[in-house]
>>> print(open('my_file-v4.cif').read())   # mmCIF, N, CA and C atoms and all ligand atoms
data_entry
#
loop_
_atom_site.label_atom_id
_atom_site.label_comp_id
_atom_site.auth_asym_id
_atom_site.auth_seq_id
_atom_site.Cartn_x
_atom_site.Cartn_y
_atom_site.Cartn_z
N MET P 1 -0.74 -20.44 -0.32
CA MET P 1 -0.76 -19.16 -1.05
C MET P 1 -1.55 -18.12 -0.27
N GLU P 2 -0.96 -16.94 -0.13
CA GLU P 2 -1.66 -15.83 0.53
C GLU P 2 -1.89 -14.71 -0.48
N GLN P 3 -2.85 -13.86 -0.15
CA GLN P 3 -3.04 -12.62 -0.91
C GLN P 3 -2.92 -11.45 0.05
N THR P 4 -2.37 -10.34 -0.44
CA THR P 4 -2.25 -9.13 0.37
C THR P 4 -2.59 -7.92 -0.49
N LEU P 5 -2.93 -6.81 0.15
CA LEU P 5 -3.23 -5.60 -0.61
C LEU P 5 -2.04 -4.64 -0.59
N SER P 6 -1.71 -4.14 -1.77
CA SER P 6 -0.66 -3.13 -1.91
C SER P 6 -1.26 -1.85 -2.48
N ILE P 7 -0.80 -0.71 -1.95
CA ILE P 7 -1.14 0.57 -2.59
C ILE P 7 0.18 1.27 -2.91
N ILE P 8 0.35 1.64 -4.18
CA ILE P 8 1.46 2.54 -4.55
C ILE P 8 0.88 3.94 -4.36
N LYS P 9 1.45 4.66 -3.39
CA LYS P 9 0.85 5.92 -2.91
C LYS P 9 1.10 7.08 -3.89
N PRO P 10 0.39 8.23 -3.68
CA PRO P 10 0.47 9.34 -4.65
C PRO P 10 1.89 9.84 -4.93
N ASP P 11 2.78 9.81 -3.94
CA ASP P 11 4.15 10.31 -4.19
C ASP P 11 4.87 9.44 -5.22
N ALA P 12 4.73 8.12 -5.09
CA ALA P 12 5.42 7.21 -6.02
C ALA P 12 4.78 7.23 -7.40
N VAL P 13 3.45 7.38 -7.46
CA VAL P 13 2.77 7.48 -8.76
C VAL P 13 3.24 8.76 -9.45
N ALA P 14 3.32 9.87 -8.69
CA ALA P 14 3.75 11.15 -9.28
C ALA P 14 5.20 11.08 -9.77
N LYS P 15 6.04 10.28 -9.10
CA LYS P 15 7.44 10.14 -9.52
C LYS P 15 7.61 9.16 -10.68
N ASN P 16 6.49 8.56 -11.12
CA ASN P 16 6.53 7.66 -12.29
C ASN P 16 7.39 6.41 -12.05
N VAL P 17 7.29 5.87 -10.82
CA VAL P 17 8.07 4.66 -10.50
C VAL P 17 7.16 3.46 -10.23
N VAL P 18 5.94 3.50 -10.79
CA VAL P 18 5.00 2.37 -10.60
C VAL P 18 5.63 1.07 -11.11
N GLY P 19 6.17 1.10 -12.32
CA GLY P 19 6.77 -0.10 -12.91
C GLY P 19 7.95 -0.62 -12.09
N LYS P 20 8.78 0.29 -11.60
CA LYS P 20 9.94 -0.12 -10.80
C LYS P 20 9.49 -0.80 -9.51
N ILE P 21 8.41 -0.29 -8.90
CA ILE P 21 7.92 -0.89 -7.66
C ILE P 21 7.27 -2.25 -7.94
N LEU P 22 6.48 -2.33 -9.00
CA LEU P 22 5.86 -3.63 -9.35
C LEU P 22 6.95 -4.67 -9.64
N ASP P 23 8.06 -4.23 -10.24
CA ASP P 23 9.17 -5.16 -10.51
C ASP P 23 9.74 -5.77 -9.22
N ARG P 24 9.76 -4.97 -8.13
CA ARG P 24 10.24 -5.50 -6.85
C ARG P 24 9.36 -6.68 -6.42
N PHE P 25 8.05 -6.52 -6.61
CA PHE P 25 7.12 -7.60 -6.21
C PHE P 25 7.34 -8.82 -7.10
N GLU P 26 7.30 -8.59 -8.41
CA GLU P 26 7.39 -9.72 -9.36
C GLU P 26 8.73 -10.43 -9.29
N SER P 27 9.79 -9.69 -8.99
CA SER P 27 11.12 -10.31 -8.91
C SER P 27 11.34 -11.07 -7.61
N ASN P 28 10.39 -10.93 -6.69
CA ASN P 28 10.55 -11.57 -5.37
C ASN P 28 9.39 -12.52 -5.05
N GLY P 29 8.86 -13.14 -6.08
CA GLY P 29 7.91 -14.24 -5.86
C GLY P 29 6.46 -13.83 -5.65
N LEU P 30 6.15 -12.54 -5.85
CA LEU P 30 4.75 -12.13 -5.74
C LEU P 30 4.18 -11.90 -7.14
N ARG P 31 2.92 -12.24 -7.30
CA ARG P 31 2.24 -12.14 -8.58
C ARG P 31 1.11 -11.12 -8.46
N VAL P 32 0.90 -10.29 -9.48
CA VAL P 32 -0.19 -9.32 -9.45
C VAL P 32 -1.49 -10.03 -9.87
N ALA P 33 -2.40 -10.21 -8.91
CA ALA P 33 -3.66 -10.92 -9.18
C ALA P 33 -4.79 -9.96 -9.55
N ALA P 34 -4.62 -8.68 -9.22
CA ALA P 34 -5.61 -7.64 -9.57
C ALA P 34 -4.88 -6.30 -9.48
N MET P 35 -5.31 -5.34 -10.30
CA MET P 35 -4.65 -4.03 -10.23
C MET P 35 -5.52 -2.95 -10.86
N LYS P 36 -5.52 -1.75 -10.24
CA LYS P 36 -6.16 -0.59 -10.88
C LYS P 36 -5.57 0.71 -10.36
N LYS P 37 -5.66 1.74 -11.22
CA LYS P 37 -5.24 3.10 -10.83
C LYS P 37 -6.50 3.88 -10.51
N ILE P 38 -6.56 4.45 -9.31
CA ILE P 38 -7.76 5.19 -8.91
C ILE P 38 -7.41 6.46 -8.14
N GLN P 39 -8.36 7.39 -8.12
CA GLN P 39 -8.26 8.58 -7.28
C GLN P 39 -9.16 8.34 -6.07
N LEU P 40 -8.60 8.26 -4.88
CA LEU P 40 -9.42 8.07 -3.68
C LEU P 40 -10.16 9.36 -3.35
N SER P 41 -11.40 9.22 -2.89
CA SER P 41 -12.12 10.36 -2.33
C SER P 41 -11.71 10.49 -0.86
N LYS P 42 -12.08 11.62 -0.26
CA LYS P 42 -11.78 11.81 1.16
C LYS P 42 -12.45 10.71 2.00
N ALA P 43 -13.69 10.40 1.65
CA ALA P 43 -14.42 9.36 2.39
C ALA P 43 -13.75 7.99 2.24
N ASP P 44 -13.25 7.70 1.04
CA ASP P 44 -12.52 6.43 0.82
C ASP P 44 -11.31 6.35 1.75
N ALA P 45 -10.50 7.42 1.74
CA ALA P 45 -9.25 7.40 2.51
C ALA P 45 -9.54 7.34 4.01
N GLU P 46 -10.57 8.06 4.46
CA GLU P 46 -10.93 8.03 5.88
C GLU P 46 -11.39 6.63 6.29
N ALA P 47 -12.16 5.99 5.41
CA ALA P 47 -12.64 4.64 5.72
C ALA P 47 -11.50 3.64 5.69
N PHE P 48 -10.62 3.76 4.70
CA PHE P 48 -9.53 2.80 4.57
C PHE P 48 -8.60 2.86 5.78
N TYR P 49 -8.28 4.08 6.24
CA TYR P 49 -7.35 4.25 7.37
C TYR P 49 -8.09 4.51 8.69
N ALA P 50 -9.34 4.04 8.79
CA ALA P 50 -10.16 4.28 9.99
C ALA P 50 -9.47 3.85 11.29
N VAL P 51 -8.63 2.80 11.23
CA VAL P 51 -7.91 2.35 12.46
C VAL P 51 -7.03 3.45 13.04
N HIS P 52 -6.63 4.40 12.19
CA HIS P 52 -5.74 5.48 12.66
C HIS P 52 -6.49 6.78 12.99
N LYS P 53 -7.83 6.75 13.05
CA LYS P 53 -8.56 8.02 13.13
C LYS P 53 -8.30 8.84 14.38
N GLU P 54 -7.83 8.20 15.46
CA GLU P 54 -7.51 8.95 16.68
C GLU P 54 -6.06 9.45 16.71
N ARG P 55 -5.27 9.05 15.72
CA ARG P 55 -3.85 9.41 15.73
C ARG P 55 -3.68 10.87 15.27
N PRO P 56 -2.66 11.57 15.82
CA PRO P 56 -2.49 13.00 15.49
C PRO P 56 -2.24 13.26 14.01
N PHE P 57 -1.71 12.25 13.30
CA PHE P 57 -1.36 12.45 11.88
C PHE P 57 -2.49 12.06 10.93
N PHE P 58 -3.68 11.69 11.47
CA PHE P 58 -4.75 11.17 10.62
C PHE P 58 -5.16 12.14 9.50
N GLY P 59 -5.36 13.42 9.86
CA GLY P 59 -5.78 14.41 8.87
C GLY P 59 -4.78 14.54 7.72
N GLU P 60 -3.50 14.59 8.08
CA GLU P 60 -2.44 14.70 7.06
C GLU P 60 -2.35 13.45 6.20
N LEU P 61 -2.54 12.30 6.86
CA LEU P 61 -2.49 11.02 6.14
C LEU P 61 -3.60 10.98 5.08
N VAL P 62 -4.80 11.37 5.46
CA VAL P 62 -5.93 11.38 4.53
C VAL P 62 -5.67 12.38 3.39
N GLU P 63 -5.22 13.59 3.73
CA GLU P 63 -4.95 14.61 2.69
C GLU P 63 -3.88 14.11 1.71
N PHE P 64 -2.87 13.45 2.26
CA PHE P 64 -1.81 12.93 1.39
C PHE P 64 -2.35 11.84 0.45
N MET P 65 -3.16 10.93 1.00
CA MET P 65 -3.64 9.81 0.20
C MET P 65 -4.60 10.23 -0.92
N ILE P 66 -5.19 11.44 -0.78
CA ILE P 66 -6.09 11.92 -1.84
C ILE P 66 -5.42 13.00 -2.71
N SER P 67 -4.12 13.21 -2.50
CA SER P 67 -3.42 14.28 -3.23
C SER P 67 -3.16 13.94 -4.70
N GLY P 68 -3.39 12.70 -5.08
CA GLY P 68 -3.20 12.28 -6.47
C GLY P 68 -3.60 10.82 -6.58
N PRO P 69 -3.58 10.28 -7.82
CA PRO P 69 -4.00 8.89 -7.99
C PRO P 69 -3.05 7.90 -7.30
N VAL P 70 -3.60 6.74 -7.00
CA VAL P 70 -2.84 5.63 -6.42
C VAL P 70 -3.02 4.40 -7.31
N VAL P 71 -2.10 3.45 -7.20
CA VAL P 71 -2.25 2.18 -7.91
C VAL P 71 -2.42 1.09 -6.85
N VAL P 72 -3.59 0.47 -6.88
CA VAL P 72 -3.96 -0.54 -5.88
C VAL P 72 -3.82 -1.91 -6.52
N SER P 73 -3.21 -2.85 -5.80
CA SER P 73 -3.12 -4.20 -6.36
C SER P 73 -3.27 -5.28 -5.30
N VAL P 74 -3.69 -6.44 -5.76
CA VAL P 74 -3.69 -7.65 -4.93
C VAL P 74 -2.45 -8.43 -5.34
N LEU P 75 -1.58 -8.71 -4.36
CA LEU P 75 -0.37 -9.49 -4.61
C LEU P 75 -0.58 -10.88 -4.04
N GLU P 76 -0.16 -11.87 -4.80
CA GLU P 76 -0.37 -13.26 -4.38
C GLU P 76 0.96 -14.01 -4.35
N GLY P 77 1.14 -14.85 -3.36
CA GLY P 77 2.35 -15.66 -3.28
C GLY P 77 2.47 -16.30 -1.92
N GLU P 78 3.55 -17.08 -1.75
CA GLU P 78 3.79 -17.71 -0.45
C GLU P 78 4.13 -16.62 0.57
N ASN P 79 3.49 -16.64 1.72
CA ASN P 79 3.71 -15.63 2.77
C ASN P 79 3.63 -14.20 2.21
N ALA P 80 2.65 -13.95 1.37
CA ALA P 80 2.56 -12.66 0.67
C ALA P 80 2.49 -11.46 1.61
N VAL P 81 1.80 -11.60 2.74
CA VAL P 81 1.65 -10.46 3.66
C VAL P 81 3.02 -10.05 4.20
N ALA P 82 3.74 -11.01 4.77
CA ALA P 82 5.06 -10.73 5.36
C ALA P 82 6.08 -10.37 4.28
N LYS P 83 6.03 -11.06 3.16
CA LYS P 83 6.97 -10.79 2.06
C LYS P 83 6.83 -9.35 1.56
N ASN P 84 5.58 -8.91 1.38
CA ASN P 84 5.36 -7.53 0.92
C ASN P 84 5.89 -6.53 1.95
N ARG P 85 5.62 -6.77 3.24
CA ARG P 85 6.10 -5.86 4.29
C ARG P 85 7.63 -5.80 4.30
N GLU P 86 8.26 -6.95 4.07
CA GLU P 86 9.72 -7.01 4.03
C GLU P 86 10.26 -6.20 2.84
N LEU P 87 9.62 -6.35 1.69
CA LEU P 87 10.06 -5.61 0.50
C LEU P 87 9.84 -4.11 0.66
N MET P 88 8.76 -3.72 1.40
CA MET P 88 8.44 -2.30 1.61
C MET P 88 9.48 -1.60 2.48
N GLY P 89 9.91 -2.25 3.57
CA GLY P 89 10.79 -1.61 4.54
C GLY P 89 10.01 -0.84 5.59
N ALA P 90 10.72 -0.28 6.57
CA ALA P 90 10.09 0.39 7.71
C ALA P 90 9.26 1.60 7.27
N THR P 91 8.23 1.93 8.09
CA THR P 91 7.31 3.04 7.80
C THR P 91 8.06 4.34 7.51
N ASP P 92 9.08 4.63 8.34
CA ASP P 92 9.90 5.83 8.12
C ASP P 92 11.07 5.47 7.20
N PRO P 93 11.09 6.04 6.00
CA PRO P 93 12.15 5.66 5.04
C PRO P 93 13.56 5.82 5.59
N LYS P 94 13.75 6.73 6.57
CA LYS P 94 15.08 6.91 7.16
C LYS P 94 15.51 5.66 7.93
N GLU P 95 14.51 4.87 8.37
CA GLU P 95 14.81 3.66 9.13
C GLU P 95 14.68 2.40 8.27
N ALA P 96 14.28 2.57 7.02
CA ALA P 96 14.07 1.41 6.14
C ALA P 96 15.40 0.81 5.71
N ALA P 97 15.47 -0.52 5.70
CA ALA P 97 16.71 -1.21 5.33
C ALA P 97 17.08 -0.89 3.88
N PRO P 98 18.39 -0.83 3.60
CA PRO P 98 18.84 -0.57 2.23
C PRO P 98 18.25 -1.59 1.25
N GLY P 99 17.87 -1.11 0.08
CA GLY P 99 17.32 -2.02 -0.94
C GLY P 99 15.82 -2.22 -0.83
N THR P 100 15.19 -1.70 0.23
CA THR P 100 13.73 -1.81 0.32
C THR P 100 13.08 -0.69 -0.50
N ILE P 101 11.80 -0.87 -0.79
CA ILE P 101 11.06 0.10 -1.62
C ILE P 101 11.08 1.48 -0.97
N ARG P 102 10.82 1.53 0.34
CA ARG P 102 10.77 2.83 1.01
C ARG P 102 12.16 3.47 1.07
N ALA P 103 13.21 2.69 1.28
CA ALA P 103 14.56 3.26 1.29
C ALA P 103 14.89 3.86 -0.08
N ASP P 104 14.44 3.21 -1.15
CA ASP P 104 14.84 3.63 -2.49
C ASP P 104 13.91 4.67 -3.13
N PHE P 105 12.62 4.69 -2.74
CA PHE P 105 11.68 5.56 -3.45
C PHE P 105 10.92 6.57 -2.58
N ALA P 106 11.08 6.51 -1.24
CA ALA P 106 10.28 7.38 -0.37
C ALA P 106 11.13 8.49 0.22
N GLN P 107 10.47 9.62 0.55
CA GLN P 107 11.24 10.71 1.16
C GLN P 107 10.93 10.98 2.61
N SER P 108 9.73 10.64 3.08
CA SER P 108 9.37 10.99 4.45
C SER P 108 8.36 9.99 4.99
N ILE P 109 8.09 10.09 6.30
CA ILE P 109 7.17 9.13 6.93
C ILE P 109 5.75 9.26 6.38
N ASP P 110 5.37 10.46 5.90
CA ASP P 110 4.01 10.54 5.32
C ASP P 110 4.02 10.19 3.83
N ALA P 111 5.01 10.69 3.09
CA ALA P 111 5.12 10.33 1.66
C ALA P 111 6.03 9.12 1.56
N ASN P 112 5.49 7.94 1.93
CA ASN P 112 6.38 6.78 2.05
C ASN P 112 6.11 5.69 1.00
N ALA P 113 5.65 6.11 -0.17
CA ALA P 113 5.64 5.31 -1.42
C ALA P 113 4.64 4.15 -1.50
N VAL P 114 4.51 3.39 -0.43
CA VAL P 114 3.65 2.20 -0.51
C VAL P 114 2.90 1.92 0.79
N HIS P 115 1.78 1.27 0.64
CA HIS P 115 1.05 0.67 1.76
C HIS P 115 1.03 -0.83 1.55
N GLY P 116 1.07 -1.59 2.63
CA GLY P 116 0.87 -3.04 2.55
C GLY P 116 0.09 -3.51 3.74
N SER P 117 -0.83 -4.45 3.54
CA SER P 117 -1.61 -5.01 4.66
C SER P 117 -0.65 -5.54 5.72
N ASP P 118 -1.03 -5.37 7.01
CA ASP P 118 -0.12 -5.79 8.09
C ASP P 118 -0.47 -7.15 8.70
N SER P 119 -1.56 -7.80 8.24
CA SER P 119 -1.90 -9.14 8.72
C SER P 119 -2.80 -9.78 7.66
N LEU P 120 -2.92 -11.10 7.74
CA LEU P 120 -3.77 -11.81 6.79
C LEU P 120 -5.23 -11.38 6.95
N GLU P 121 -5.62 -11.17 8.20
CA GLU P 121 -7.00 -10.74 8.49
C GLU P 121 -7.27 -9.36 7.86
N ASN P 122 -6.35 -8.41 8.06
CA ASN P 122 -6.53 -7.09 7.45
C ASN P 122 -6.42 -7.15 5.93
N ALA P 123 -5.60 -8.05 5.42
CA ALA P 123 -5.48 -8.18 3.96
C ALA P 123 -6.84 -8.53 3.36
N LYS P 124 -7.56 -9.45 3.98
CA LYS P 124 -8.88 -9.84 3.46
C LYS P 124 -9.84 -8.65 3.45
N ILE P 125 -9.82 -7.88 4.54
CA ILE P 125 -10.70 -6.71 4.64
C ILE P 125 -10.31 -5.66 3.58
N GLU P 126 -9.01 -5.40 3.45
CA GLU P 126 -8.54 -4.37 2.53
C GLU P 126 -8.74 -4.76 1.06
N ILE P 127 -8.56 -6.05 0.74
CA ILE P 127 -8.81 -6.51 -0.63
C ILE P 127 -10.28 -6.32 -0.97
N ALA P 128 -11.16 -6.68 -0.04
CA ALA P 128 -12.61 -6.54 -0.28
C ALA P 128 -13.02 -5.07 -0.38
N PHE P 129 -12.24 -4.18 0.25
CA PHE P 129 -12.53 -2.74 0.18
C PHE P 129 -12.37 -2.22 -1.26
N PHE P 130 -11.40 -2.76 -1.99
CA PHE P 130 -11.09 -2.25 -3.33
C PHE P 130 -11.55 -3.11 -4.50
N PHE P 131 -11.64 -4.43 -4.30
CA PHE P 131 -11.87 -5.31 -5.45
C PHE P 131 -13.06 -6.23 -5.23
N SER P 132 -13.79 -6.48 -6.31
CA SER P 132 -14.82 -7.52 -6.29
C SER P 132 -14.16 -8.85 -6.64
N ARG P 133 -14.81 -9.94 -6.35
CA ARG P 133 -14.21 -11.26 -6.59
C ARG P 133 -13.85 -11.47 -8.05
N ARG P 134 -14.67 -10.92 -8.97
CA ARG P 134 -14.37 -11.19 -10.37
C ARG P 134 -13.24 -10.33 -10.94
N GLU P 135 -12.73 -9.40 -10.12
CA GLU P 135 -11.57 -8.61 -10.56
C GLU P 135 -10.24 -9.24 -10.12
N ILE P 136 -10.31 -10.32 -9.33
CA ILE P 136 -9.09 -10.94 -8.79
C ILE P 136 -8.85 -12.25 -9.53
N LEU P 137 -7.75 -12.28 -10.28
CA LEU P 137 -7.52 -13.41 -11.20
C LEU P 137 -6.16 -14.06 -10.95
P1 LIG O 1 0.84 1.58 5.78
O1 LIG O 1 -0.34 1.25 6.66
O2 LIG O 1 0.63 2.82 4.94
O3 LIG O 1 1.33 0.40 5.02
P2 LIG O 1 2.61 1.19 7.98
O4 LIG O 1 1.77 -0.02 8.25
O5 LIG O 1 4.08 0.98 7.79
O6 LIG O 1 2.08 1.96 6.72
P3 LIG O 1 1.07 2.58 9.99
O7 LIG O 1 1.49 2.63 11.41
O8 LIG O 1 -0.05 1.66 9.60
O9 LIG O 1 2.39 2.26 9.12
O10 LIG O 1 0.72 4.06 9.54
C1 LIG O 1 -0.05 4.31 8.37
C2 LIG O 1 0.54 5.48 7.64
O11 LIG O 1 0.40 6.64 8.43
C3 LIG O 1 2.05 5.36 7.37
O12 LIG O 1 2.34 4.72 6.16
C4 LIG O 1 2.46 6.80 7.31
O13 LIG O 1 2.27 7.34 5.99
C5 LIG O 1 1.52 7.48 8.27
N1 LIG O 1 2.18 7.66 9.55
C6 LIG O 1 2.44 6.72 10.49
N2 LIG O 1 3.06 7.23 11.55
C7 LIG O 1 3.21 8.56 11.28
C8 LIG O 1 3.77 9.66 11.98
N3 LIG O 1 4.32 9.51 13.18
N4 LIG O 1 3.73 10.87 11.37
C9 LIG O 1 3.17 11.03 10.16
N5 LIG O 1 2.62 10.03 9.44
C10 LIG O 1 2.64 8.81 9.99
MG MG O 2 -0.35 0.03 8.39
#
>>> encode(input="my_file-v4.cif", output="structure tokens")
Amino acid sequence: MEQTLSIIKPDAVAKNVVGKILDRFESNGLRVAAMKKIQLSKADAEAFYAVHKERPFFGELVEFMISGPVVVSVLEGENAVAKNRELMGATDPKEAAPGTIRADFAQSIDANAVHGSDSLENAKIEIAFFFSRREIL
């Protein structure tokens, strides 16, 4: 069993498709082990995406992530990290495979509906960033 971190980003929360996105996870063998709706501060978003701080899109990425509330969850299941990435689809929704979350709910590479941890190592770091042990059930 693996755990991974998912963020339903401000664009998808604003479109009121949180339930539809969670259904993709639950219908494909992932279980919600923890979940909360939060408004990230600028410092939160900068810290969370610190790996991208030298990239030209970093400022826009941070502004987008704080533009409205997000829904953060811990997803649990077999191969949860890879499974979540597969369900999400490619970073750019124009390149995302049909039937993926980004193909169905995202409009652009910055407003791309969801985040998912890209490795088991990063999943552990990202889960600890948002949740205490007693919030993960
Ligand atoms: P995430 O980390 O959000 O799950 P990802 O792993 O598919 O997405 P990353 O390369 O980690 O993609 O980029 C992080 C985020 O930065 C992307 O989700 C996207 O919103 C934004 N981003 C990435 N590349 C670009 C780009 N070329 N222009 C604008 N925004 C970008
Ligand atoms: Mg990433």
>>> atom_distance(input="my_file-v4.cif", atom1="atom C of Met88 in chain P", atom2="atom N of Glu121 in chain P")
18.8 Å
>>> closest_residue(input="my_file-v4.cif", among="P:Ile101, P:Ile125, P:Ala33, P:Ile7", to="ligand LIG 1 (chain O)", atoms="all atoms listed in the file")
P:Ile7
>>> atom_distance(input="my_file-v4.cif", atom1="atom N of Glu46 in chain P", atom2="CA of Ile66 in chain P")
8.6 Å
>>> select_by_dssp(input="my_file-v4.cif", residues="chain P", states="strand (DSSP E)", output="PyMOL selection string")
chain P and resi 2-8+31-38+70-77+114-116
>>> select_by_dssp(input="my_file-v4.cif", residues="chain P", states="alpha helix (DSSP H)", output="PyMOL selection string")
chain P and resi 10-14+18-26+42-48+58-65+80-88+101-105+120-130
>>> atom_distance(input="my_file-v4.cif", atom1="atom C of Ile38 in chain P", atom2="CA of Val70 in chain P")
5.0 Å
>>> axis_aligned_box(input="my_file-v4.cif", around="range 66-73 of chain P", padding_each_side="4 Å", output="AutoDock Vina command-line options")
--center_x -4.1 --center_y 4.5 --center_z -4.4 --size_x 12.0 --size_y 27.6 --size_z 15.2
>>> closest_atom_pairs(input="my_file-v4.cif", of="chain P", to="ligand MG 2 (chain O)", cutoff="6.5 Å", atoms="all atoms listed in the file", output="JSON lines")
{"residue": "P:Gly116", "atom": "C", "partner": "O:MG2", "partner_atom": "MG", "distance": 5.9}
{"residue": "P:Ser117", "atom": "C", "partner": "O:MG2", "partner_atom": "MG", "distance": 6.2}
{"residue": "P:Asp118", "atom": "N", "partner": "O:MG2", "partner_atom": "MG", "distance": 5.6}
>>> residues_near_ligand(input="my_file-v4.cif", ligand="ligand LIG 1 (chain O)", cutoff="6.5 Å", atoms="all atoms listed in the file", output="ChimeraX atom specification")
/P:57,61,90-92,109-112,114-118
>>> closest_residue(input="my_file-v4.cif", among="P:Ala106, P:Glu126, P:Glu26, P:Glu63", to="Ala12 in chain P", atoms="only N, CA and C atoms")
P:Ala106
>>> closest_residue(input="my_file-v4.cif", among="P:Arg102, P:Lys94, P:Lys42, P:Arg31", to="Ser73 in chain P", atoms="only C-alpha atoms")
P:Arg31
>>> residues_around(input="my_file-v4.cif", residues="Ser27 in chain P", least_positions_apart="5", cutoff="12 Å", atoms="only C-alpha atoms", output="PDB file with N, CA and C atoms, keeping the file's coordinate frame")
ATOM      1  N   GLY P  19       6.170   1.100 -12.320  1.00  0.00           N
ATOM      2  CA  GLY P  19       6.770  -0.100 -12.910  1.00  0.00           C
ATOM      3  C   GLY P  19       7.950  -0.620 -12.090  1.00  0.00           C
ATOM      4  N   LYS P  20       8.780   0.290 -11.600  1.00  0.00           N
ATOM      5  CA  LYS P  20       9.940  -0.120 -10.800  1.00  0.00           C
ATOM      6  C   LYS P  20       9.490  -0.800  -9.510  1.00  0.00           C
ATOM      7  N   ILE P  21       8.410  -0.290  -8.900  1.00  0.00           N
ATOM      8  CA  ILE P  21       7.920  -0.890  -7.660  1.00  0.00           C
ATOM      9  C   ILE P  21       7.270  -2.250  -7.940  1.00  0.00           C
ATOM     10  N   LEU P  22       6.480  -2.330  -9.000  1.00  0.00           N
ATOM     11  CA  LEU P  22       5.860  -3.630  -9.350  1.00  0.00           C
ATOM     12  C   LEU P  22       6.950  -4.670  -9.640  1.00  0.00           C
ATOM     13  N   VAL P  32       0.900 -10.290  -9.480  1.00  0.00           N
ATOM     14  CA  VAL P  32      -0.190  -9.320  -9.450  1.00  0.00           C
ATOM     15  C   VAL P  32      -1.490 -10.030  -9.870  1.00  0.00           C
ATOM     16  N   GLY P  77       1.140 -14.850  -3.360  1.00  0.00           N
ATOM     17  CA  GLY P  77       2.350 -15.660  -3.280  1.00  0.00           C
ATOM     18  C   GLY P  77       2.470 -16.300  -1.920  1.00  0.00           C
ATOM     19  N   LYS P  83       6.030 -11.060   3.160  1.00  0.00           N
ATOM     20  CA  LYS P  83       6.970 -10.790   2.060  1.00  0.00           C
ATOM     21  C   LYS P  83       6.830  -9.350   1.560  1.00  0.00           C
ATOM     22  N   ASN P  84       5.580  -8.910   1.380  1.00  0.00           N
ATOM     23  CA  ASN P  84       5.360  -7.530   0.920  1.00  0.00           C
ATOM     24  C   ASN P  84       5.890  -6.530   1.950  1.00  0.00           C
ATOM     25  N   LEU P  87       9.620  -6.350   1.690  1.00  0.00           N
ATOM     26  CA  LEU P  87      10.060  -5.610   0.500  1.00  0.00           C
ATOM     27  C   LEU P  87       9.840  -4.110   0.660  1.00  0.00           C
TER      28      LEU P  87
END
>>> closest_residue(input="my_file-v4.cif", among="P:Met1, P:Ala113, P:Ala80, P:Val72", to="Ala34 in chain P", atoms="all atoms listed in the file")
P:Val72
>>> residues_around(input="my_file-v4.cif", residues="Ala14 in chain P", least_positions_apart="4", cutoff="10 Å", atoms="only C-alpha atoms", output="mmCIF file with N, CA and C atoms, in the coordinates of the input")
data_model
loop_
_atom_site.group_PDB
_atom_site.id
_atom_site.type_symbol
_atom_site.label_atom_id
_atom_site.label_comp_id
_atom_site.auth_asym_id
_atom_site.auth_seq_id
_atom_site.Cartn_x
_atom_site.Cartn_y
_atom_site.Cartn_z
ATOM 1 N N LYS P 9 1.450 4.660 -3.390
ATOM 2 C CA LYS P 9 0.850 5.920 -2.910
ATOM 3 C C LYS P 9 1.100 7.080 -3.890
ATOM 4 N N PRO P 10 0.390 8.230 -3.680
ATOM 5 C CA PRO P 10 0.470 9.340 -4.650
ATOM 6 C C PRO P 10 1.890 9.840 -4.930
ATOM 7 N N VAL P 18 5.940 3.500 -10.790
ATOM 8 C CA VAL P 18 5.000 2.370 -10.600
ATOM 9 C C VAL P 18 5.630 1.070 -11.110
ATOM 10 N N SER P 67 -4.120 13.210 -2.500
ATOM 11 C CA SER P 67 -3.420 14.280 -3.230
ATOM 12 C C SER P 67 -3.160 13.940 -4.700
ATOM 13 N N GLY P 68 -3.390 12.700 -5.080
ATOM 14 C CA GLY P 68 -3.200 12.280 -6.470
ATOM 15 C C GLY P 68 -3.600 10.820 -6.580
ATOM 16 N N PRO P 69 -3.580 10.280 -7.820
ATOM 17 C CA PRO P 69 -4.000 8.890 -7.990
ATOM 18 C C PRO P 69 -3.050 7.900 -7.300
ATOM 19 N N VAL P 70 -3.600 6.740 -7.000
ATOM 20 C CA VAL P 70 -2.840 5.630 -6.420
ATOM 21 C C VAL P 70 -3.020 4.400 -7.310
ATOM 22 N N ALA P 113 5.650 6.110 -0.170
ATOM 23 C CA ALA P 113 5.640 5.310 -1.420
ATOM 24 C C ALA P 113 4.640 4.150 -1.500
#
>>> closest_residue(input="my_file-v4.cif", among="P:Ala103, P:Leu137, P:Ile8, P:Val74", to="Glu86 in chain P", atoms="only C-alpha atoms")
P:Ala103
>>> closest_residue(input="my_file-v4.cif", among="P:Val71, P:Ala45, P:Ala123, P:Met65", to="Val13 in chain P", atoms="all atoms listed in the file")
P:Val71
